[in-house]
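So this block is coords34.cif, mmCIF, C-alpha atoms:
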data_query
#
loop_
_atom_site.label_atom_id
_atom_site.label_comp_id
_atom_site.auth_asym_id
_atom_site.auth_seq_id
_atom_site.Cartn_x
_atom_site.Cartn_y
_atom_site.Cartn_z
CA MET V 33 -145.45 -234.75 -7.49
CA LYS V 34 -142.56 -232.91 -5.90
CA LYS V 35 -143.20 -229.34 -4.80
CA VAL V 36 -140.57 -226.60 -4.93
CA ILE V 37 -141.06 -223.14 -3.45
CA ILE V 38 -139.06 -220.28 -4.96
CA GLY V 39 -138.55 -217.20 -2.83
CA THR V 40 -138.38 -213.88 -4.64
CA ARG V 41 -138.61 -210.16 -4.11
CA GLY V 42 -141.70 -208.50 -5.50
CA SER V 43 -140.22 -206.09 -8.04
CA LYS V 44 -141.06 -206.63 -11.70
CA LEU V 45 -137.49 -207.67 -12.46
CA ALA V 46 -137.28 -210.06 -9.49
CA LEU V 47 -140.59 -211.63 -10.52
CA TRP V 48 -139.34 -211.99 -14.10
CA GLN V 49 -136.27 -213.78 -12.76
CA ALA V 50 -138.30 -216.11 -10.56
CA GLU V 51 -140.76 -216.87 -13.36
CA PHE V 52 -137.82 -217.58 -15.67
CA ILE V 53 -136.39 -220.14 -13.21
CA LYS V 54 -139.87 -221.62 -12.74
CA SER V 55 -140.17 -222.01 -16.51
CA GLU V 56 -136.71 -223.59 -16.78
CA ILE V 57 -137.58 -226.11 -14.06
CA GLY V 58 -140.81 -226.92 -15.93
CA LYS V 59 -138.82 -227.64 -19.09
CA LEU V 60 -136.60 -230.06 -17.16
CA ASN V 61 -139.36 -231.88 -15.33
CA LYS V 62 -143.07 -231.22 -15.82
CA GLU V 63 -143.83 -233.31 -12.73
CA ILE V 64 -142.35 -230.70 -10.38
CA ASP V 65 -144.92 -228.30 -8.91
CA VAL V 66 -143.29 -224.87 -8.59
CA GLU V 67 -144.71 -222.15 -6.36
CA LEU V 68 -143.50 -218.57 -5.88
CA LYS V 69 -143.39 -216.90 -2.47
CA LEU V 70 -142.92 -213.12 -2.24
CA VAL V 71 -140.48 -211.86 0.37
CA LYS V 72 -139.92 -208.16 1.09
CA THR V 73 -136.34 -207.20 1.88
CA LYS V 74 -134.87 -204.23 3.71
CA GLY V 75 -133.65 -202.80 0.42
CA ASP V 76 -137.23 -202.85 -0.89
CA LYS V 77 -138.53 -200.96 2.14
CA ILE V 78 -135.95 -198.15 2.33
CA LEU V 79 -136.18 -196.25 -0.93
CA ASP V 80 -135.31 -192.71 0.13
CA GLN V 81 -131.61 -193.27 0.87
CA ALA V 82 -128.58 -194.17 -1.22
CA LEU V 83 -127.61 -197.85 -1.05
CA SER V 84 -124.10 -196.91 0.01
CA LYS V 85 -125.49 -195.17 3.10
CA ILE V 86 -127.81 -197.85 4.45
CA GLY V 87 -125.73 -201.02 4.35
CA ASP V 88 -124.27 -203.54 1.99
CA LYS V 89 -125.54 -206.17 -0.42
CA GLY V 90 -127.44 -208.13 2.23
CA LEU V 91 -130.06 -205.41 1.85
CA PHE V 92 -131.72 -207.41 -0.93
CA THR V 93 -130.99 -210.94 0.28
CA LYS V 94 -131.07 -211.35 4.06
CA GLU V 95 -134.81 -211.90 4.42
CA LEU V 96 -134.74 -214.45 1.60
CA GLU V 97 -131.86 -216.24 3.32
CA ASN V 98 -133.80 -216.33 6.58
CA GLU V 99 -136.67 -218.02 4.72
CA LEU V 100 -134.24 -220.61 3.33
CA LEU V 101 -132.80 -221.34 6.76
CA ALA V 102 -136.30 -221.68 8.22
CA GLY V 103 -137.25 -224.16 5.48
CA ASN V 104 -140.08 -221.94 4.22
CA ILE V 105 -138.65 -221.81 0.69
CA ASP V 106 -136.44 -224.20 -1.30
CA LEU V 107 -134.72 -221.82 -3.73
CA ALA V 108 -133.96 -218.11 -3.58
CA VAL V 109 -133.37 -216.41 -6.92
CA HIS V 110 -131.09 -213.38 -6.83
CA SER V 111 -129.53 -210.97 -9.27
CA LEU V 112 -126.04 -212.26 -8.60
CA LYS V 113 -124.64 -208.73 -8.32
CA ASP V 114 -126.86 -208.25 -5.24
CA LEU V 115 -125.59 -211.37 -3.48
CA GLN V 116 -122.89 -210.76 -0.88
CA THR V 117 -119.60 -212.60 -1.31
CA GLU V 118 -119.80 -214.25 2.14
CA ILE V 119 -122.75 -216.62 2.14
CA ALA V 120 -124.48 -217.20 5.48
CA PRO V 121 -123.62 -220.47 7.30
CA GLY V 122 -125.97 -223.26 6.29
CA LEU V 123 -126.53 -221.83 2.81
CA LYS V 124 -124.76 -222.03 -0.54
CA ILE V 125 -124.96 -220.82 -4.12
CA ALA V 126 -126.02 -223.98 -5.90
CA ALA V 127 -126.16 -222.62 -9.45
CA VAL V 128 -125.71 -219.60 -11.67
CA THR V 129 -127.61 -219.26 -14.91
CA LYS V 130 -126.24 -218.52 -18.35
CA ARG V 131 -125.26 -214.87 -18.33
CA HIS V 132 -127.26 -212.16 -20.06
CA ASN V 133 -125.60 -209.11 -21.65
CA VAL V 134 -123.38 -207.53 -18.99
CA GLU V 135 -123.08 -203.92 -20.16
CA ASP V 136 -124.60 -200.81 -18.65
CA VAL V 137 -126.83 -198.59 -20.78
CA LEU V 138 -127.45 -194.87 -21.04
CA ILE V 139 -131.07 -193.73 -21.19
CA ALA V 140 -130.90 -190.10 -22.29
CA ARG V 141 -132.88 -187.21 -23.75
CA ASP V 142 -131.23 -187.73 -27.13
CA ASN V 143 -131.60 -191.10 -28.82
CA GLY V 144 -128.24 -192.54 -29.79
CA ALA V 145 -126.34 -190.39 -27.29
CA GLY V 146 -123.28 -191.96 -25.70
CA ILE V 147 -121.10 -190.85 -22.80
CA SER V 148 -119.15 -188.43 -25.01
CA ASP V 149 -122.38 -186.83 -26.26
CA ILE V 150 -123.67 -185.82 -22.81
CA PRO V 151 -123.78 -181.98 -22.69
CA ARG V 152 -121.14 -180.36 -20.52
CA GLY V 153 -122.34 -179.96 -16.92
CA ALA V 154 -125.44 -182.10 -17.49
CA THR V 155 -126.97 -184.22 -14.72
CA ILE V 156 -126.89 -188.02 -14.85
CA ALA V 157 -128.66 -190.14 -12.21
CA THR V 158 -127.41 -193.50 -10.94
CA GLY V 159 -127.67 -195.47 -7.73
CA SER V 160 -124.27 -197.09 -8.22
CA LEU V 161 -120.96 -195.76 -6.91
CA ARG V 162 -119.26 -197.98 -9.50
CA ARG V 163 -121.09 -196.30 -12.38
CA ARG V 164 -120.61 -192.85 -10.89
CA ALA V 165 -116.85 -193.27 -10.50
CA GLN V 166 -116.40 -194.57 -14.05
CA LEU V 167 -118.58 -191.81 -15.46
CA LEU V 168 -116.69 -189.08 -13.60
CA HIS V 169 -113.37 -190.58 -14.69
CA ILE V 170 -114.38 -190.10 -18.32
CA ARG V 171 -116.44 -186.92 -17.85
CA PRO V 172 -115.47 -185.04 -14.66
CA ASP V 173 -117.66 -182.11 -15.77
CA ILE V 174 -120.87 -184.09 -15.32
CA HIS V 175 -123.09 -183.65 -12.25
CA THR V 176 -124.40 -186.90 -10.69
CA VAL V 177 -127.41 -187.51 -8.44
CA ASP V 178 -128.59 -190.63 -6.64
CA LEU V 179 -131.32 -192.82 -8.09
CA ARG V 180 -133.21 -195.63 -6.33
CA GLY V 181 -136.13 -197.88 -7.19
CA ASN V 182 -136.84 -200.76 -9.55
CA VAL V 183 -136.20 -200.44 -13.28
CA PRO V 184 -139.61 -199.06 -14.37
CA THR V 185 -139.62 -196.65 -11.42
CA ARG V 186 -136.18 -195.31 -12.34
CA ILE V 187 -137.23 -194.77 -15.94
CA ASN V 188 -140.40 -192.96 -14.81
CA LYS V 189 -138.39 -190.78 -12.41
CA PHE V 190 -136.15 -189.86 -15.33
CA LYS V 191 -139.12 -188.88 -17.51
CA GLU V 192 -140.44 -186.59 -14.76
CA SER V 193 -137.03 -185.02 -14.03
CA ASP V 194 -134.80 -182.40 -15.61
CA TRP V 195 -131.86 -184.86 -15.74
CA TYR V 196 -130.19 -185.46 -19.06
CA GLY V 197 -130.04 -189.21 -18.48
CA ILE V 198 -129.77 -192.24 -16.23
CA ILE V 199 -127.55 -195.32 -16.29
CA LEU V 200 -128.94 -198.82 -15.75
CA ALA V 201 -127.88 -202.43 -16.27
CA ARG V 202 -128.64 -203.64 -19.78
CA ALA V 203 -129.84 -207.02 -18.52
CA GLY V 204 -132.64 -205.62 -16.38
CA VAL V 205 -133.88 -203.23 -19.07
CA GLU V 206 -133.92 -205.94 -21.74
CA ARG V 207 -135.49 -208.59 -19.52
CA LEU V 208 -138.44 -206.28 -18.93
CA ASN V 209 -138.71 -205.45 -22.66
CA LEU V 210 -137.91 -201.80 -22.03
CA GLU V 211 -135.04 -201.57 -24.53
CA LYS V 212 -136.92 -198.91 -26.53
CA HIS V 213 -135.73 -196.45 -23.87
CA ILE V 214 -132.02 -197.24 -24.38
CA SER V 215 -130.09 -194.41 -26.04
CA SER V 216 -126.83 -196.36 -26.21
CA ILE V 217 -125.05 -199.39 -24.83
CA ILE V 218 -121.95 -198.29 -22.92
CA PRO V 219 -118.91 -200.23 -24.21
CA LEU V 220 -117.01 -202.41 -21.74
CA GLN V 221 -113.92 -200.38 -22.57
CA GLN V 222 -115.64 -197.42 -20.88
CA PHE V 223 -117.61 -199.13 -18.09
CA LEU V 224 -116.81 -202.44 -16.45
CA PRO V 225 -119.91 -204.07 -14.89
CA ALA V 226 -120.60 -205.00 -11.30
CA VAL V 227 -119.38 -208.40 -10.15
CA GLY V 228 -121.95 -210.94 -11.32
CA GLN V 229 -123.95 -208.48 -13.41
CA GLY V 230 -126.25 -210.19 -15.90
CA ALA V 231 -126.31 -213.56 -14.12
CA LEU V 232 -128.85 -215.07 -11.74
CA GLY V 233 -127.72 -216.88 -8.60
CA ILE V 234 -129.74 -219.69 -7.08
CA GLU V 235 -129.22 -220.03 -3.34
CA ILE V 236 -130.34 -223.03 -1.27
CA SER V 237 -129.98 -224.57 2.14
CA ASP V 238 -127.01 -226.94 2.50
CA ASN V 239 -129.20 -229.83 3.58
CA ASN V 240 -131.93 -229.53 0.92
CA GLU V 241 -130.98 -232.39 -1.40
CA ASN V 242 -133.99 -231.97 -3.69
CA ALA V 243 -133.26 -228.28 -4.22
CA ASN V 244 -129.59 -229.07 -4.82
CA MET V 245 -130.48 -231.58 -7.52
CA ILE V 246 -132.83 -229.15 -9.28
CA ALA V 247 -130.41 -226.23 -9.06
CA GLY V 248 -127.60 -228.35 -10.48
CA LEU V 249 -129.62 -228.87 -13.65
CA LEU V 250 -129.95 -225.10 -14.10
CA ASN V 251 -126.25 -224.32 -13.69
CA SER V 252 -124.10 -222.92 -16.50
CA SER V 253 -120.53 -224.13 -15.94
CA ASP V 254 -119.12 -221.39 -18.19
CA THR V 255 -120.84 -218.65 -16.23
CA TRP V 256 -119.96 -220.34 -12.94
CA ASP V 257 -116.24 -220.26 -13.69
CA CYS V 258 -116.33 -216.61 -14.78
CA ILE V 259 -118.41 -215.55 -11.80
CA SER V 260 -116.09 -217.43 -9.45
CA ALA V 261 -113.16 -215.34 -10.65
CA GLU V 262 -115.10 -212.09 -10.27
CA ARG V 263 -116.40 -212.90 -6.80
CA ALA V 264 -112.95 -214.01 -5.64
CA PHE V 265 -111.63 -210.65 -6.87
CA LEU V 266 -114.26 -208.78 -4.85
CA THR V 267 -113.77 -210.94 -1.76
CA GLU V 268 -110.01 -210.48 -1.77
CA LEU V 269 -110.46 -206.71 -2.04
CA GLY V 270 -112.95 -206.77 0.84
CA GLY V 271 -115.32 -204.57 -1.12
CA GLY V 272 -119.05 -204.12 -1.39
CA CYS V 273 -121.54 -201.58 -2.67
CA GLN V 274 -119.85 -198.79 -0.67
CA THR V 275 -116.78 -198.97 -2.91
CA PRO V 276 -116.41 -198.43 -6.68
CA ILE V 277 -115.24 -201.91 -7.70
CA ALA V 278 -115.94 -203.52 -11.07
CA ALA V 279 -114.94 -206.79 -12.72
CA TYR V 280 -115.71 -208.80 -15.81
CA ALA V 281 -114.46 -212.28 -16.64
CA TYR V 282 -114.96 -214.08 -19.93
CA LEU V 283 -113.76 -217.31 -21.52
CA ASN V 284 -111.25 -217.52 -24.34
CA ASN V 285 -111.24 -221.25 -25.12
CA ASP V 286 -110.23 -222.80 -21.75
CA MET V 287 -108.69 -219.60 -20.46
CA ILE V 288 -110.40 -217.03 -18.25
CA VAL V 289 -109.66 -213.39 -18.96
CA LEU V 290 -110.47 -211.12 -16.01
CA ASP V 291 -110.60 -207.33 -16.06
CA GLY V 292 -110.76 -205.60 -12.68
CA LEU V 293 -111.16 -202.03 -11.52
CA VAL V 294 -110.91 -200.04 -8.29
CA ALA V 295 -111.59 -196.29 -8.35
CA SER V 296 -111.99 -193.38 -5.99
CA LEU V 297 -115.52 -192.02 -5.52
CA ASP V 298 -114.82 -189.04 -7.77
CA GLY V 299 -113.15 -191.16 -10.46
CA ARG V 300 -109.88 -189.25 -10.30
CA ILE V 301 -107.95 -192.27 -9.05
CA TYR V 302 -108.64 -195.14 -11.41
CA MET V 303 -106.82 -198.47 -11.24
CA LYS V 304 -107.57 -201.09 -13.87
CA ASP V 305 -105.74 -204.28 -14.82
CA ARG V 306 -106.19 -207.60 -16.61
CA ILE V 307 -105.13 -211.16 -15.88
CA SER V 308 -105.72 -214.50 -17.59
CA GLY V 309 -105.27 -218.15 -16.69
CA SER V 310 -106.82 -221.61 -16.81
CA ARG V 311 -110.53 -221.76 -16.03
CA ASN V 312 -109.70 -224.53 -13.57
CA ASN V 313 -108.03 -221.87 -11.40
CA SER V 314 -110.78 -219.24 -11.56
CA VAL V 315 -110.73 -218.39 -7.85
CA ASP V 316 -106.95 -218.03 -7.79
CA ILE V 317 -107.12 -215.77 -10.84
CA GLY V 318 -109.54 -213.44 -9.06
CA LYS V 319 -107.43 -213.35 -5.91
CA LYS V 320 -104.23 -212.70 -7.85
CA LEU V 321 -105.68 -209.71 -9.73
CA ALA V 322 -107.01 -208.25 -6.48
CA GLN V 323 -103.60 -208.61 -4.84
CA THR V 324 -101.96 -206.89 -7.82
CA LEU V 325 -104.27 -203.89 -7.50
CA LEU V 326 -103.93 -203.78 -3.71
CA LYS V 327 -100.16 -203.63 -3.99
CA ALA V 328 -100.45 -200.90 -6.62
CA GLY V 329 -102.44 -198.66 -4.28
CA ALA V 330 -106.04 -199.89 -4.25
CA GLU V 331 -105.75 -200.54 -0.52
CA ASP V 332 -105.23 -196.81 0.08
CA ILE V 333 -108.25 -195.93 -2.06
CA MET V 334 -110.51 -198.30 -0.15
CA ALA V 335 -109.19 -197.25 3.25
CA GLU V 336 -109.95 -193.63 2.40
CA ILE V 337 -113.49 -194.48 1.26
CA ARG V 338 -114.19 -196.50 4.40
CA GLY V 339 -112.72 -193.73 6.55
#

Output the file's structure in the form of structure tokens.
Amino acid sequence: MKKVIIGTRGSKLALWQAEFIKSEIGKLNKEIDVELKLVKTKGDKILDQALSKIGDKGLFTKELENELLAGNIDLAVHSLKDLQTEIAPGLKIAAVTKRHNVEDVLIARDNGAGISDIPRGATIATGSLRRRAQLLHIRPDIHTVDLRGNVPTRINKFKESDWYGIILARAGVERLNLEKHISSIIPLQQFLPAVGQGALGIEISDNNENANMIAGLLNSSDTWDCISAERAFLTELGGGCQTPIAAYAYLNNDMIVLDGLVASLDGRIYMKDRISGSRNNSVDIGKKLAQTLLKAGAEDIMAEIRG
């Protein structure tokens, strides 16, 4: 019997994701013995600071990648939106799973409340500069505060606070069966998601042939092509979690349609555009949209944020 070790963070959502991949592997081949190994990352240890102030997306992945390189685990399962665009030498993304719902959701005091229903001057909590910028673009009167922690922790913090609401990713809330807390799903016309939101990325070592074979069976080619366009967009912009960047790609027959966004931190400057092209050119599509926005002024926005 072949044995496969999956590395995962210890949060409830990360464990759900790892158990999901374990279950999928079991469906493909019951002869494979799958074991989970918990790995604590820097992002799990530092919970009292905003993500944008303590580093970039490697916060939730570096320790898992070190375990891959050391041969202590075979697969690392990530929320793809947490996985940096530049993969460490010796590693690769071997698969992405079929994408879950990509929208963000509002969890608020009033059931059914949407962005337009938030009382003037109310406080909304979010740990994402992307969400904050898009919210302030629509509702500049709203006060925002930072929010960290896993999904159940964020919901509990909300319940104990005087905030009007919080914004989370729909996928994480629904995967943990916490959708009863959702007041409304924020339309994509209002909020574009983070690059890769809703998809799981499976990372492996370059030289692990067994892991590569297993991961290949789990891959969704449709999601892969869409994610490739989004990640190329982010890479070309040179952005990370310190900059409000959003993108969403979807398939229309054999064409990829990609929406991309770059905004200032306060949402006052807001640059959004769309491009489409053959799914066979997904990376080029992402790069082209990024270049369009850079030429239109996104480079100045990002330089100011970094400065």

>> Starting from the PyMOL selection byres ((chain V and resi 118) around 12), expand the selection into actual residues of this file and give them as a list of chain:residue names.
In response: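 Taken over the shown coordinates, the PyMOL selection byres ((chain V and resi 118) around 12) returns V:Asp88, V:Lys89, V:Gly90, V:Thr93, V:Lys94, V:Asp114, V:Leu115, V:Gln116, V:Thr117, V:Ile119, V:Ala120, V:Pro121, V:Gly122, V:Leu123, V:Lys124, V:Ile125, V:Arg263, V:Ala264, V:Leu266, V:Thr267, V:Glu268, V:Gly270, V:Gly271, V:Gly272.
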
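Residue nearest V:Ile156, chosen from V:Ile174, V:Ile317, V:Ala201, V:Val66 and counting only C-alpha atoms: V:Ile174.
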
> Pick from V:Gln221, V:Ile234, V:Ala203, V:Ser215: nearest to V:Leu100, with only C-alpha atoms counted?
Replying inline: V:Ile234

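Minimum distance to V:Thr73 across V:Asn285, V:Thr275, V:Asn133, V:Asn98 (counting all atoms listed in the file) occurs at V:Asn98.
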
>> Neighbouring residues of V:Ile64 were defined as those with any atom within 9 Å, considering only C-alpha atoms; residues of the same chain fewer than 3 positions away were excluded. Please report them as a list in words.
In response: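 Surrounding residues, per the criterion: Met33, Lys34, Lys35, Val36, Ile57, Gly58, Leu60 and Asn61 of chain V.
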
> With distances taken over all atoms listed in the file, which of V:Tyr196, V:Phe52, V:Phe265, V:Tyr282 is nearest to V:Asn143?
Replying inline: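 Of all the options, V:Tyr196 lies closest to V:Asn143.
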
> Of the candidates V:Pro172, V:Lys130, V:Ala322, V:Asp291, which one gets nearest to V:Ser308 if we count all atoms listed in the file?
Replying inline: V:Asp291
